[in-house]
Amino acid sequence: MEEHIVIIGNGISGVTAARHIRKLSDKKITIISAETDYFFSRTALMYVYMGHMTFEHTQPYENWFWKKNKINLKKGYVKHVETNKKTLVFENGETLVYDKLIIATGSKPNKFGWPGQDLEGVMGLYSKQDLESLEQHAPNHEVCKRAVIVGGGLIGIELAEMLNSRNIPVTFLVRETSFWNGILPEGESEMINSHIKNHHIDLRLNTNLKEIISDENGKVKSVIIEETGEEIPCQVVGLTAGVSPNIDFIKNSNIETNKGIKVNRFLETNIPDIFAIGDCAEQHEAIDQRPPIEAVWYTGRMMGETLAQTICGNKTAYKPGHWFNSAKFLDIEYQTYGWVHGLKGKPDYEKHFHWKHEDDTKCITIAFNKNTNVFLGINTFGIRMRHDTFDKWLTEKRDVDYVINHLTEANFDPEFYRHYETEILAAYKNQFQTV
């Protein structure tokens, strides 16, 4: 009888693991999800709301794909894992036996015990249900006269852009002194502050939520600001103050957890034949400077590919390589390769070269070791750069002078776009007085 691989979660991590296990074997595979019938691209939810695509367009595979590839799909919510019996217990009382279990349950929006945080009209931006709730409570600016977003990360700026696209006024509460300045260097963070305000979004820095006020029907009526006591009337509150691993269902099991499910470099938990991948997994062995929990799309995919090798007999360690990520701040594209620290966690040896265009929508920051001049990383805003080029330069440990003088090789902007390498090189020479 074929070994039964059960995967809890049908996000990018779980589905990638299933697809690659199928490529490598004839094992029985079951994917469990309580959210949707079929896998969809979570990062595309915003474009459904903005009218660029339908929800069906976010599904990379036709519905027949799963049956054809002998990947069983089960809709249901797992309530408990009986590790000693290798059995899952569902909320409705059903059970399912596994030989190997992969937990890929992703993240959930953070809540910090704010009064009113569970009212109707309060939501995150993570699940299909969040999208449906947003459509219900903020279909247009006549139904939703104002929305308040709490938390200044990437999900917050996405939600602001979505609401902005339907002309819904937005107040954006950010507790930091500058937008995302725990991650971005000062110049970049300040540029994004200006860009948000230029889109007529009411950005409130150094501002915390105190409570969410209900109307007589249990719906959002307003929010109260902690610092001033100001009441802001609104119909929608977006909670986007980060995410945390979605692992409540295993809290009473003997699977070891911290913030996430603790795994080693092979993505194994402390229980034989149980693995965790994606946003819910927490590495307890440091990998370079990477955070122990990586809530990033591409790392989830890589973990799924890696674990499939192990499941199919070729034990393989997770080796994600150089850090990279990309995002969008309204209409400014952002890419990062290697490590460029903001004020938080910046090591003493890290020095920055920063260039910003006069239009205040394009800039780069290059980080290098001030003792050795070795290139450490780059952030780019409004200028597209090639991932493979920077990955190569980081591996080769090129110095910062080399990177600056060869930036043209990395540029990925389409034909006829203006290039800025000459200006960047001149600014670098002026700033560091190099020859």
# chains A, B, ... in the order shown; residues from 1 in each chain; ligands from 1
$ select_by_dssp --residues "region 39-128 of chain A" --states "strand (DSSP E)" --output "VMD selection string"
chain A and resid 71 to 75 78 to 82 87 to 90 95 to 97 100 to 103 107 to 109 122 to 123
$ residues_around --residues "Glu132 (chain A)" --least-positions-apart "4" --cutoff "12 Å" --atoms "only C-alpha atoms" --output "PyMOL selection string"
chain A and resi 45-46+48-49+55+121+123-128+136-139
$ closest_residue --among "A:Ile196, A:Ile247, A:Leu101, A:Met303" --to "Leu267 (chain A)" --atoms "only C-alpha atoms"
A:Met303
$ residues_around --residues "Thr372 (chain A)" --least-positions-apart "4" --cutoff "10 Å" --atoms "only C-alpha atoms" --output "list of chain:residue names"
A:Tyr349, A:Phe368, A:Asp399, A:Val400
$ write_last_selection --atoms "C-alpha atoms" --output "mmCIF file, in the first residue's frame"
data_model
loop_
_atom_site.group_PDB
_atom_site.id
_atom_site.type_symbol
_atom_site.label_atom_id
_atom_site.label_comp_id
_atom_site.auth_asym_id
_atom_site.auth_seq_id
_atom_site.Cartn_x
_atom_site.Cartn_y
_atom_site.Cartn_z
ATOM 1 C CA TYR A 349 30.470 47.570 9.932
ATOM 2 C CA PHE A 368 28.784 47.563 2.004
ATOM 3 C CA ASP A 399 33.363 45.199 -3.770
ATOM 4 C CA VAL A 400 31.100 48.241 -3.815
#
$ closest_residue --among "A:Met385, A:Cys363, A:Ile404, A:Val81" --to "Pro185 (chain A)" --atoms "only C-alpha atoms"
A:Cys363
$ select_by_dssp --residues "region 165-285 of chain A" --states "helix (DSSP H, G or I)" --output "ChimeraX atom specification"
/A:165,186-198,248-250,278-280
$ closest_residue --among "A:Lys210, A:His352, A:Arg265, A:Arg175" --to "Tyr318 (chain A)" --atoms "only C-alpha atoms"
A:Arg265
$ residues_around --residues "Lys362 (chain A)" --least-positions-apart "3" --cutoff "12 Å" --atoms "only C-alpha atoms" --output "JSON, numbers by chain"
{"A": [187, 188, 191, 192, 195, 329, 331, 332, 333, 334, 335, 354, 355, 356, 357, 358, 359, 365, 379, 380, 381, 382, 383, 384, 418, 419, 420, 424]}
$ residues_around --residues "region 156-173 of chain A" --least-positions-apart "4" --cutoff "10 Å" --atoms "only C-alpha atoms" --output "PyMOL selection string"
chain A and resi 43+45-51+124-125+134+138-152+179+196+199-209+225+232+234+236-242+327-331
$ residues_around --residues "Gly338 (chain A)" --least-positions-apart "2" --cutoff "8 Å" --atoms "only C-alpha atoms" --output "mmCIF file with C-alpha atoms, in the first residue's frame"
data_model
loop_
_atom_site.group_PDB
_atom_site.id
_atom_site.type_symbol
_atom_site.label_atom_id
_atom_site.label_comp_id
_atom_site.auth_asym_id
_atom_site.auth_seq_id
_atom_site.Cartn_x
_atom_site.Cartn_y
_atom_site.Cartn_z
ATOM 1 C CA HIS A 322 20.907 35.139 -0.657
ATOM 2 C CA TRP A 323 17.957 37.087 0.685
ATOM 3 C CA PHE A 324 15.736 38.866 -1.809
ATOM 4 C CA THR A 336 15.935 44.168 -2.244
ATOM 5 C CA VAL A 340 20.385 46.509 3.727
ATOM 6 C CA LEU A 376 26.370 43.460 1.186
ATOM 7 C CA GLY A 377 23.088 44.346 -0.487
ATOM 8 C CA ILE A 378 20.955 46.827 -2.410
ATOM 9 C CA ASP A 391 22.870 37.069 -6.635
ATOM 10 C CA LEU A 394 26.907 38.640 -3.670
#
$ closest_residue --among "A:Ser107, A:Asn72, A:Asn252, A:Asn84" --to "Ile271 (chain A)" --atoms "only C-alpha atoms"
A:Asn84
$ closest_atom_pairs --of "region 68-109 of chain A" --to "region 23-34 of chain A" --cutoff "7 Å" --atoms "only C-alpha atoms" --output "CSV"
residue,atom,partner,partner_atom,distance
A:Ile71,CA,A:Ile29,CA,5.3
A:Asn72,CA,A:Thr30,CA,4.5
A:Leu73,CA,A:Ile31,CA,5.0
A:Lys74,CA,A:Ile32,CA,4.8
A:Lys75,CA,A:Ser33,CA,5.2
A:Gly76,CA,A:Ala34,CA,4.6
A:Tyr77,CA,A:Ala34,CA,5.1
$ residues_around --residues "Lys79 (chain A)" --least-positions-apart "2" --cutoff "6 Å" --atoms "only C-alpha atoms" --output "list in words"
Val89, Phe90, Glu91 and Phe249 of chain A
$ write_last_selection --atoms "C-alpha atoms" --output "JSON list (two decimals), in the first residue's frame"
[["chain", "number", "residue", "atom", "x", "y", "z"],
["A", 89, "VAL", "CA", -9.16, 14.93, 14.10],
["A", 90, "PHE", "CA", -11.44, 17.37, 12.27],
["A", 91, "GLU", "CA", -13.82, 19.89, 13.78],
["A", 249, "PHE", "CA", -4.67, 23.74, 16.41]]
